[in-house]
Amino acid sequence: MFVMSDWVNEHPMDVLYNLKKDGHYYGLKKSDMKKAVVKNYVESLSEEEQFKNADLLKKDFLGTVWGAYKNGNLDKYIDGELSRMGPMDFSDVGYDAYLINGKIKSMLKNVRHGEKVRFRIINASASTYFYFNIGNNRNFKVITKDGMAVQPVKVNELLVGIAETYDVVFEVPHMMKKFEAKITAQDRTGSASLMFGMGEMEMAPVKIPLSTYEMDHGGMDHGGGHGGGHGDEPGDDDEPGDDDDEPGDDDDDHGDHGDHGGMDHGMNSMGDDHDMPIPPMGKTKQLKYEMLKSVEPTNLDDSLVRAQVIDLELSGDMERYTWYINGKPFSEDKYITIRENEVITFRYINKTMMHHPMHLHGHFFRVLNGQGDYAPLMHTVDVAPMKTVTIEFHANEPGVWFLHCHNLYHMKMGMARLVKYEDFVQTPELEEDQKKWGSYMTKDTDAFWRTETSLNTNSAMLDVRVNAGRYQVDMELEVDEYDIDNFEAEVMFKRYLDRFFAVGTGVVVEDQKVYAALTAAYNLPGNVEMEGFLRNDGKAIVRLRKSIPLVEFRGRPIVLDLEPEVSYKDQFDWNFRTEANYVLSRRTSIGLNFSTDKNGNNSVGFGIKIRF
Ligand SMILES: [Cu+2]
């Protein structure tokens with residue numbers, strides 16, 4: 001048994017609270033962890049290799065503009081901003097450890113050379129995809145997927161989605177060697193190892209964390225299925241390592257020859273029985289769904305009625321951390337109704353930059369991967385970023401079945417449905433259960449708050465946001481020059497119509513008067529927040545807000561905020577505020593601010609911001 005999991009030193013509900021405060025809450029922690037992985041790797045190299053690999057230490061993991069420019073990815077930063085998609089995102093949570101059978105490092109005893117080891121790999125993590133490798137990219141055979149037999153296929157890497165399972169068979173070569181079976185979190189913030197065999201150590205290659213806008217050329221594209229016409233998507237490159245002379249090909253490594261062929265550097269670091277990593281070789285042959293072929297035909301009877309294809313578009317919103325199917329969270333659209341004895345086809349269309357492992361209870365479904373009658377059966381299918389995957393199954397298990405993304409934070413925040421057979425009548429017990437437990441399945445309408453306060457030499461501010469699904473209350477209080485006559489306040493109650501657009505109403509306090517106001521907010525391409533207000537005294541206000549992470553300094557970003565505002569009542573008026581903040585931690589920033597207006601009132605100050 002090879003159970004993989006992720007571990008965080010916080011209560012999972014606190015993790016969810018943190019993500020609701022800010023979808024990128026764990027950005028700093030993940031950046032620190034990636035830096036540690038790179039540092040350990042570089043330090044383990046010989047002096048000469050350290051010199052050659054010094055550039056690795058300059059990788060940007062915070063997504064700053066300067067970092068993107070330095071790594072040659074400025075165009076990708078701009079594209080990400082314009083499309084409001086952001087960079088490729090491998091995980092939302094910063095974990096403290098990754099585990100195999102509950103351990104970071106462990107040893108599998110009594111494995112002899114020449115024996116076959118069958119690993120039953122189960123991804124039991126909350127929200128982590130794992131790479132699986134053995135030794136120096138050695139081949140192994142995949143024989144089941146989700147417990148269903150597939151025709152053996154030889155690869156040297158798996159990318160295992162949450163809730164996916166595989167059985168793989170590894171034939172231990174006749175060599176005096178100990179092998180590392182290694183899992184690496186897809187975001188490459190950490191790994192875990194299980195050792196087996198006897199003799200000198202053969203470690204798996206280290207997966208160097210990718211900088212924010214860097215593409216993974218190791219074949220991260222796992223989903224595929226029926227391509228969605230995104231020919232230039234990352235991972236579509238011709239797969240490296242397809243040639244037959246790759247190292248570790250177990251057809252020709254009986255004996256002690258040829259097993260290192262193709263390694264270009266780092267030979268000297270091999271063979272030490274401690275944490276000496278070897279360089280990644282790029283020679284990976286990762287399992288793709290297209291390679292999976294059922295042992296038995298899985299085709300469904302032609303005489304069965306085929307229901308209309310059901311499109312399930314997967315999308316989400318990192319700003320308010322909500323996840324949707326067809327634009328709606330679970331609370332707003334609970335059921336997908338199907339008819340017994342029909343062939344049901346779901347087409348998952350991923351509109352996000354994340355992987356979603358889509359899991360259906362009560363059925364094995366065919367994944368239409370081009371293998372015709374031998375399409376493999378699964379209970380969980382990975383839908384890769386911006387890809388489309390089609391599944392079908394025979395509706396022969398009347399009931400109400402949960403269908404959900406198995407990233408548990410996505411599930412909790414709405415990426416779920418109930419698949420209900422049309423004529424199925426729930427037993428009273430089931431109905432009772434649903435009432436009792438249903439509210440635990442998803443939390444997408446729960447209220448979550450966040451607060452930010454700033455104390456500056458020239459002003460004080462307090463922002464409070466309470467978000468509950470589509471509803472949000474924003475409160476902003478501000479005192480300029482610590483003069484109560486300058487007190488300003490806005491309290492707005494908003495409803496988000498979609499990911500980008502909200503309308504609402506509220507009150508505004510300005511110049512010691514109180515006004516009622518209507519508001520509309522829209523996130524413009526380029527991730528510019530635009531907000532308009534119409535007050536009951538006829539004053540119209542339009543405000544823009546743009547936040548730009550400029551540059552990294554000692555592992556922390558300096559963020560520039562721009563906030564121009566124009567208003568009209570009898571005459572045009574404008575003011576402009578800008579801040580540069582150095583983010584010290586998740587909680588605290590220090591910064592400078594400058595504001596100016598049409599009448600030439602300038603103000604400069606500095607201060608501290610605290611988030612909680
Ligand atoms: Cu998901």
# chains A, B, ... in the order shown; residues from 1 in each chain; ligands from 1
$ select_by_dssp --residues "region 58-212 of chain A" --states "strand (DSSP E)" --output "JSON, numbers by chain"
{"A": [97, 98, 99, 100, 105, 106, 107, 108, 116, 117, 118, 119, 120, 121, 122, 123, 130, 131, 132, 133, 134, 140, 141, 142, 143, 144, 145, 148, 149, 150, 151, 152, 153, 154, 155, 158, 159, 160, 165, 166, 167, 168, 169, 170, 171, 177, 178, 179, 180, 181, 182, 183, 184, 185, 191, 192, 193, 194, 195, 196, 197, 200, 201, 202]}
$ closest_atom_pairs --of "chain A" --to "ligand 1" --cutoff "7 Å" --atoms "only C-alpha atoms and all ligand atoms" --output "JSON lines"
{"residue": "A:His355", "atom": "CA", "partner": "ligand 1", "partner_atom_place_in_ligand_line": "1 (Cu)", "distance": 6.4}
{"residue": "A:His356", "atom": "CA", "partner": "ligand 1", "partner_atom_place_in_ligand_line": "1 (Cu)", "distance": 3.9}
{"residue": "A:Pro357", "atom": "CA", "partner": "ligand 1", "partner_atom_place_in_ligand_line": "1 (Cu)", "distance": 6.3}
{"residue": "A:Cys405", "atom": "CA", "partner": "ligand 1", "partner_atom_place_in_ligand_line": "1 (Cu)", "distance": 4.7}
{"residue": "A:His406", "atom": "CA", "partner": "ligand 1", "partner_atom_place_in_ligand_line": "1 (Cu)", "distance": 6.5}
{"residue": "A:Asn407", "atom": "CA", "partner": "ligand 1", "partner_atom_place_in_ligand_line": "1 (Cu)", "distance": 5.0}
{"residue": "A:His410", "atom": "CA", "partner": "ligand 1", "partner_atom_place_in_ligand_line": "1 (Cu)", "distance": 4.8}
{"residue": "A:Met411", "atom": "CA", "partner": "ligand 1", "partner_atom_place_in_ligand_line": "1 (Cu)", "distance": 6.9}
{"residue": "A:Met415", "atom": "CA", "partner": "ligand 1", "partner_atom_place_in_ligand_line": "1 (Cu)", "distance": 6.6}
$ residues_around --residues "Ile121 (chain A)" --least-positions-apart "2" --cutoff "6 Å" --atoms "only C-alpha atoms" --output "JSON list (two decimals) with N, CA, C and O atoms, in the first residue's frame"
[["chain", "number", "residue", "atom", "x", "y", "z"],
["A", 2, "PHE", "N", 0.48, 2.20, -0.77],
["A", 2, "PHE", "CA", 1.31, 3.40, -0.96],
["A", 2, "PHE", "C", 0.34, 4.59, -0.92],
["A", 2, "PHE", "O", -0.14, 5.06, -1.95],
["A", 3, "VAL", "N", 0.02, 5.00, 0.32],
["A", 3, "VAL", "CA", -0.99, 6.05, 0.49],
["A", 3, "VAL", "C", -0.29, 7.41, 0.61],
["A", 3, "VAL", "O", 0.54, 7.61, 1.49],
["A", 119, "PHE", "N", 3.06, -1.70, -6.19],
["A", 119, "PHE", "CA", 2.65, -0.57, -5.37],
["A", 119, "PHE", "C", 1.18, -0.26, -5.65],
["A", 119, "PHE", "O", 0.81, -0.04, -6.81],
["A", 165, "THR", "N", -6.27, 6.31, -8.05],
["A", 165, "THR", "CA", -5.42, 5.21, -7.59],
["A", 165, "THR", "C", -4.85, 4.49, -8.81],
["A", 165, "THR", "O", -5.48, 4.43, -9.87],
["A", 166, "TYR", "N", -3.65, 3.97, -8.63],
["A", 166, "TYR", "CA", -3.00, 3.16, -9.66],
["A", 166, "TYR", "C", -2.32, 1.98, -8.98],
["A", 166, "TYR", "O", -1.82, 2.12, -7.86],
["A", 167, "ASP", "N", -2.29, 0.83, -9.66],
["A", 167, "ASP", "CA", -1.38, -0.23, -9.26],
["A", 167, "ASP", "C", -0.24, -0.22, -10.26],
["A", 167, "ASP", "O", -0.49, -0.22, -11.48]]
$ residues_around --residues "Ser439 (chain A)" --least-positions-apart "6" --cutoff "10 Å" --atoms "only C-alpha atoms" --output "list in words"
Ser331, Lys412 and Thr445 of chain A
$ closest_atom_pairs --of "region 397-459 of chain A" --to "region 8-27 of chain A" --cutoff "9 Å" --atoms "only C-alpha atoms" --output "tab-separated table"
residue	atom	partner	partner_atom	distance
A:Tyr409	CA	A:Leu16	CA	6.7
A:Lys412	CA	A:Leu16	CA	8.7
A:Met413	CA	A:Leu16	CA	8.9
A:Phe448	CA	A:Lys20	CA	6.5
A:Trp449	CA	A:Lys21	CA	6.7
A:Arg450	CA	A:Lys21	CA	5.4
A:Thr451	CA	A:Lys21	CA	8.5
$ write_last_selection --atoms "all heavy atoms" --output "CSV table (one decimal), in the first residue's frame"
chain,number,residue,atom,x,y,z
A,409,TYR,N,-11.1,21.6,-1.0
A,409,TYR,CA,-11.4,23.0,-0.8
A,409,TYR,C,-12.3,23.5,-2.0
A,409,TYR,O,-13.1,24.4,-1.8
A,409,TYR,CB,-10.1,23.9,-0.7
A,409,TYR,CG,-9.3,23.4,0.5
A,409,TYR,CD1,-8.2,22.6,0.4
A,409,TYR,CD2,-9.8,23.8,1.8
A,409,TYR,CE1,-7.5,22.2,1.6
A,409,TYR,CE2,-9.1,23.4,3.0
A,409,TYR,CZ,-8.0,22.6,2.8
A,409,TYR,OH,-7.3,22.2,4.0
A,412,LYS,N,-15.8,22.0,-1.1
A,412,LYS,CA,-16.5,22.8,-0.1
A,412,LYS,C,-17.0,24.1,-0.6
A,412,LYS,O,-18.0,24.6,-0.1
A,412,LYS,CB,-15.5,23.1,1.1
A,412,LYS,CG,-15.3,21.9,2.0
A,412,LYS,CD,-16.3,22.0,3.2
A,412,LYS,CE,-16.1,21.1,4.3
A,412,LYS,NZ,-17.1,20.0,4.4
A,413,MET,N,-16.3,24.7,-1.5
A,413,MET,CA,-16.6,26.1,-2.0
A,413,MET,C,-17.5,26.0,-3.3
A,413,MET,O,-17.5,27.0,-4.0
A,413,MET,CB,-15.4,26.9,-2.2
A,413,MET,CG,-14.9,27.4,-0.8
A,413,MET,SD,-16.1,28.5,0.0
A,413,MET,CE,-16.3,27.7,1.5
A,448,PHE,N,-17.6,34.6,5.4
A,448,PHE,CA,-16.2,34.7,5.8
A,448,PHE,C,-15.8,36.1,5.8
A,448,PHE,O,-16.2,36.9,4.9
A,448,PHE,CB,-15.3,33.9,4.8
A,448,PHE,CG,-15.6,32.4,4.8
A,448,PHE,CD1,-16.6,32.0,3.9
A,448,PHE,CD2,-14.9,31.5,5.5
A,448,PHE,CE1,-16.9,30.6,3.9
A,448,PHE,CE2,-15.2,30.2,5.5
A,448,PHE,CZ,-16.2,29.7,4.6
A,449,TRP,N,-15.1,36.6,6.8
A,449,TRP,CA,-14.7,38.0,6.8
A,449,TRP,C,-13.2,38.2,6.7
A,449,TRP,O,-12.4,37.3,7.0
A,449,TRP,CB,-15.2,38.7,8.0
A,449,TRP,CG,-14.8,38.1,9.3
A,449,TRP,CD1,-15.4,37.1,10.0
A,449,TRP,CD2,-13.6,38.4,10.1
A,449,TRP,NE1,-14.7,36.8,11.1
A,449,TRP,CE2,-13.6,37.6,11.2
A,449,TRP,CE3,-12.6,39.4,9.9
A,449,TRP,CZ2,-12.6,37.7,12.2
A,449,TRP,CZ3,-11.6,39.4,10.8
A,449,TRP,CH2,-11.6,38.6,12.0
A,450,ARG,N,-12.8,39.4,6.3
A,450,ARG,CA,-11.4,39.7,6.4
A,450,ARG,C,-11.3,41.2,6.7
A,450,ARG,O,-12.2,42.0,6.3
A,450,ARG,CB,-10.6,39.4,5.1
A,450,ARG,CG,-10.9,40.4,4.0
A,450,ARG,CD,-9.9,40.1,2.8
A,450,ARG,NE,-10.1,41.1,1.8
A,450,ARG,CZ,-9.8,40.9,0.5
A,450,ARG,NH1,-9.3,39.7,0.1
A,450,ARG,NH2,-10.0,41.8,-0.4
A,451,THR,N,-10.2,41.6,7.3
A,451,THR,CA,-10.1,43.0,7.8
A,451,THR,C,-8.7,43.5,7.5
A,451,THR,O,-7.7,42.7,7.6
A,451,THR,CB,-10.3,43.1,9.3
A,451,THR,OG1,-11.6,42.5,9.6
A,451,THR,CG2,-10.2,44.5,9.8
